[in-house]
Amino acid sequence: MGAVHPRVLGFLGRALSLELSAVQQYMTQAALLEQWGQSEWADRLRRETVEEMKHAERIVQRMLRLGVAPAASQLLPAETASDLEGLLRHDAVLEELLIHHYGEAVRFCVLIADGESEAFFRELWNEEREHGEELQRWQRELVGPSHLEDRARF
Ligand SMILES: [Fe+2]
Ligand SMILES: [Fe+2]
């Protein structure tokens, strides 16, 4: 494999920080939900934690293949709230950050014609967009159909 553009390494490093921030946030929120006695929702966020951990692992593997040592720093603080709806609003913001980051990474790789890195980031981009949609579905479930009917009257 030829030398990779330093900015691609930059995108990888920032991606690792964001994914580890997501691990920290989902782990924290799962623990909160558990404390509130909402075990099912806690499990759902634990599964998210594992997904984000697998993303972080893929990035670590890619960095090692490129010959650089992972060195994530500056995790974002885990965002908390007083109920699940509040937690999910924070999660939507974090997923949006990830989606934006991978979108930028893909565009840059296209620009420099680094097809292998492009494919790597594109896969993560797609998965984070799925996460974003999943979160929106969950938020809609919480709001419930009665609320939607209220809205439809106006
Ligand atoms: Fe992720
Ligand atoms: Fe995600």
# chains A, B, ... in the order shown; residues from 1 in each chain; ligands from 1

call {"tool": "residues_around", "arguments": {"residues": "Val4 of chain A", "least_positions_apart": "5", "cutoff": "9 Å", "atoms": "only C-alpha atoms", "output": "CSV table (one decimal) with C-alpha atoms, in the first residue's frame"}}
result
chain,number,residue,atom,x,y,z
A,9,LEU,CA,-4.9,10.0,8.9
A,66,LEU,CA,-1.4,2.1,7.6
A,114,ASP,CA,-7.9,7.3,-2.6
A,117,SER,CA,-9.9,4.9,2.1

call {"tool": "residues_near_ligand", "arguments": {"ligand": "ligand 1", "cutoff": "7 Å", "atoms": "only C-alpha atoms and all ligand atoms", "output": "tab-separated table (two decimals) with C-alpha atoms, in the first residue's frame"}}
result
chain	number	residue	atom	x	y	z
A	19	GLU	CA	-16.55	6.77	18.02
A	22	ALA	CA	-20.13	7.61	21.33
A	51	GLU	CA	-21.85	-1.14	17.67
A	52	GLU	CA	-19.81	1.99	18.27
A	55	HIS	CA	-16.58	0.96	14.67
A	124	LEU	CA	-19.05	3.84	8.23
A	128	GLU	CA	-24.06	6.07	10.96

call {"tool": "residues_near_ligand", "arguments": {"ligand": "ligand 2", "cutoff": "12 Å", "atoms": "only C-alpha atoms and all ligand atoms", "output": "MDAnalysis selection string"}}
result
chainID A and resid 15 18:26 45 47:56 91:102 124:135

call {"tool": "write_last_selection", "arguments": {"atoms": "C-alpha atoms", "output": "PDB file, in the first residue's frame"}}
result
ATOM      1  CA  ALA A  15     -13.202   9.383  13.712  1.00  0.00           C
ATOM      2  CA  LEU A  18     -15.852  10.514  17.902  1.00  0.00           C
ATOM      3  CA  GLU A  19     -16.547   6.772  18.016  1.00  0.00           C
ATOM      4  CA  LEU A  20     -15.001   6.447  21.475  1.00  0.00           C
ATOM      5  CA  SER A  21     -17.053   9.461  22.572  1.00  0.00           C
ATOM      6  CA  ALA A  22     -20.135   7.609  21.329  1.00  0.00           C
ATOM      7  CA  VAL A  23     -19.085   4.503  23.302  1.00  0.00           C
ATOM      8  CA  GLN A  24     -18.742   6.638  26.430  1.00  0.00           C
ATOM      9  CA  GLN A  25     -22.072   8.393  25.862  1.00  0.00           C
ATOM     10  CA  TYR A  26     -24.147   5.274  25.149  1.00  0.00           C
ATOM     11  CA  LEU A  45     -28.384   1.520  24.377  1.00  0.00           C
ATOM     12  CA  ARG A  47     -26.274  -2.686  21.953  1.00  0.00           C
ATOM     13  CA  GLU A  48     -25.500   0.751  20.505  1.00  0.00           C
ATOM     14  CA  THR A  49     -22.415   0.901  22.728  1.00  0.00           C
ATOM     15  CA  VAL A  50     -21.180  -2.372  21.229  1.00  0.00           C
ATOM     16  CA  GLU A  51     -21.848  -1.138  17.670  1.00  0.00           C
ATOM     17  CA  GLU A  52     -19.809   1.994  18.274  1.00  0.00           C
ATOM     18  CA  MET A  53     -17.059  -0.054  19.893  1.00  0.00           C
ATOM     19  CA  LYS A  54     -16.884  -2.199  16.751  1.00  0.00           C
ATOM     20  CA  HIS A  55     -16.577   0.962  14.666  1.00  0.00           C
ATOM     21  CA  ALA A  56     -13.708   2.113  16.877  1.00  0.00           C
ATOM     22  CA  ASP A  91     -27.652  11.107  20.694  1.00  0.00           C
ATOM     23  CA  ALA A  92     -29.131  12.546  17.509  1.00  0.00           C
ATOM     24  CA  VAL A  93     -26.623  15.415  17.749  1.00  0.00           C
ATOM     25  CA  LEU A  94     -23.709  13.011  18.216  1.00  0.00           C
ATOM     26  CA  GLU A  95     -24.782  10.790  15.310  1.00  0.00           C
ATOM     27  CA  GLU A  96     -25.124  13.932  13.206  1.00  0.00           C
ATOM     28  CA  LEU A  97     -21.490  14.811  14.038  1.00  0.00           C
ATOM     29  CA  LEU A  98     -20.383  11.334  12.947  1.00  0.00           C
ATOM     30  CA  ILE A  99     -22.428  11.459   9.747  1.00  0.00           C
ATOM     31  CA  HIS A 100     -20.986  14.865   8.902  1.00  0.00           C
ATOM     32  CA  HIS A 101     -17.435  13.703   9.653  1.00  0.00           C
ATOM     33  CA  TYR A 102     -17.647  10.598   7.466  1.00  0.00           C
ATOM     34  CA  LEU A 124     -19.049   3.842   8.232  1.00  0.00           C
ATOM     35  CA  TRP A 125     -20.955   6.777   6.750  1.00  0.00           C
ATOM     36  CA  ASN A 126     -23.787   4.460   5.683  1.00  0.00           C
ATOM     37  CA  GLU A 127     -23.901   2.771   9.078  1.00  0.00           C
ATOM     38  CA  GLU A 128     -24.056   6.067  10.965  1.00  0.00           C
ATOM     39  CA  ARG A 129     -26.832   7.277   8.689  1.00  0.00           C
ATOM     40  CA  GLU A 130     -28.722   4.103   9.588  1.00  0.00           C
ATOM     41  CA  HIS A 131     -28.099   4.859  13.272  1.00  0.00           C
ATOM     42  CA  GLY A 132     -29.476   8.351  12.754  1.00  0.00           C
ATOM     43  CA  GLU A 133     -32.645   6.988  11.130  1.00  0.00           C
ATOM     44  CA  GLU A 134     -33.019   4.355  13.844  1.00  0.00           C
ATOM     45  CA  LEU A 135     -32.824   7.069  16.505  1.00  0.00           C
TER      46      LEU A 135
END

call {"tool": "select_by_dssp", "arguments": {"residues": "segment 15-71 of chain A", "states": "alpha helix (DSSP H)", "output": "PyMOL selection string"}}
result
chain A and resi 15-35+39-65

call {"tool": "closest_residue", "arguments": {"among": "A:Arg58, A:Glu85, A:Ala3, A:Met63", "to": "Gly144 of chain A", "atoms": "only C-alpha atoms"}}
result
A:Glu85

call {"tool": "atom_distance", "arguments": {"atom1": "atom CA of Arg140 of chain A", "atom2": "atom CA of Arg44 of chain A"}}
result
15.7 Å

call {"tool": "closest_residue", "arguments": {"among": "A:Arg46, A:Arg7, A:Arg14, A:Arg137", "to": "Met27 of chain A", "atoms": "only C-alpha atoms"}}
result
A:Arg46

call {"tool": "residues_around", "arguments": {"residues": "segment 40-42 of chain A", "least_positions_apart": "5", "cutoff": "7 Å", "atoms": "only C-alpha atoms", "output": "MDAnalysis selection string"}}
result
chainID A and resid 30:31 33:34

call {"tool": "write_last_selection", "arguments": {"atoms": "C-alpha atoms", "output": "CSV table (one decimal), in the first residue's frame"}}
result
chain,number,residue,atom,x,y,z
A,30,ALA,CA,-27.4,2.8,29.5
A,31,ALA,CA,-26.2,3.0,33.1
A,33,LEU,CA,-31.6,4.0,32.3
A,34,GLU,CA,-30.7,1.0,34.4

call {"tool": "atom_distance", "arguments": {"atom1": "atom CA of His5 of chain A", "atom2": "atom CA of Leu111 of chain A"}}
result
11.4 Å

call {"tool": "atom_distance", "arguments": {"atom1": "atom CA of Ala72 of chain A", "atom2": "atom CA of Asp43 of chain A"}}
result
26.7 Å

call {"tool": "residues_around", "arguments": {"residues": "Phe108 of chain A", "least_positions_apart": "4", "cutoff": "9 Å", "atoms": "only C-alpha atoms", "output": "VMD selection string"}}
result
chain A and resid 7 to 8 103 to 104 112 to 114 118

call {"tool": "write_last_selection", "arguments": {"atoms": "C-alpha atoms", "output": "PDB file, in the first residue's frame"}}
result
ATOM      1  CA  ARG A   7      -5.320  14.357   6.048  1.00  0.00           C
ATOM      2  CA  VAL A   8      -6.719  10.841   5.699  1.00  0.00           C
ATOM      3  CA  GLY A 103     -19.296  12.600   4.702  1.00  0.00           C
ATOM      4  CA  GLU A 104     -16.366  15.008   4.727  1.00  0.00           C
ATOM      5  CA  ILE A 112      -7.504  12.737  -3.919  1.00  0.00           C
ATOM      6  CA  ALA A 113      -8.625   9.516  -5.643  1.00  0.00           C
ATOM      7  CA  ASP A 114      -7.888   7.293  -2.647  1.00  0.00           C
ATOM      8  CA  GLU A 118     -13.096   6.189   0.401  1.00  0.00           C
TER       9      GLU A 118
END

call {"tool": "closest_residue", "arguments": {"among": "A:Gln61, A:Glu141, A:Pro77, A:Arg107", "to": "Leu12 of chain A", "atoms": "only C-alpha atoms"}}
result
A:Gln61

call {"tool": "closest_residue", "arguments": {"among": "A:Arg89, A:Val143, A:Phe121, A:Leu75", "to": "Cys109 of chain A", "atoms": "only C-alpha atoms"}}
result
A:Phe121

call {"tool": "closest_residue", "arguments": {"among": "A:Leu16, A:Arg122, A:Ala105, A:Val110", "to": "Leu76 of chain A", "atoms": "only C-alpha atoms"}}
result
A:Leu16

call {"tool": "closest_residue", "arguments": {"among": "A:Leu88, A:Glu79, A:Arg62, A:Trp138", "to": "Phe11 of chain A", "atoms": "only C-alpha atoms"}}
result
A:Arg62
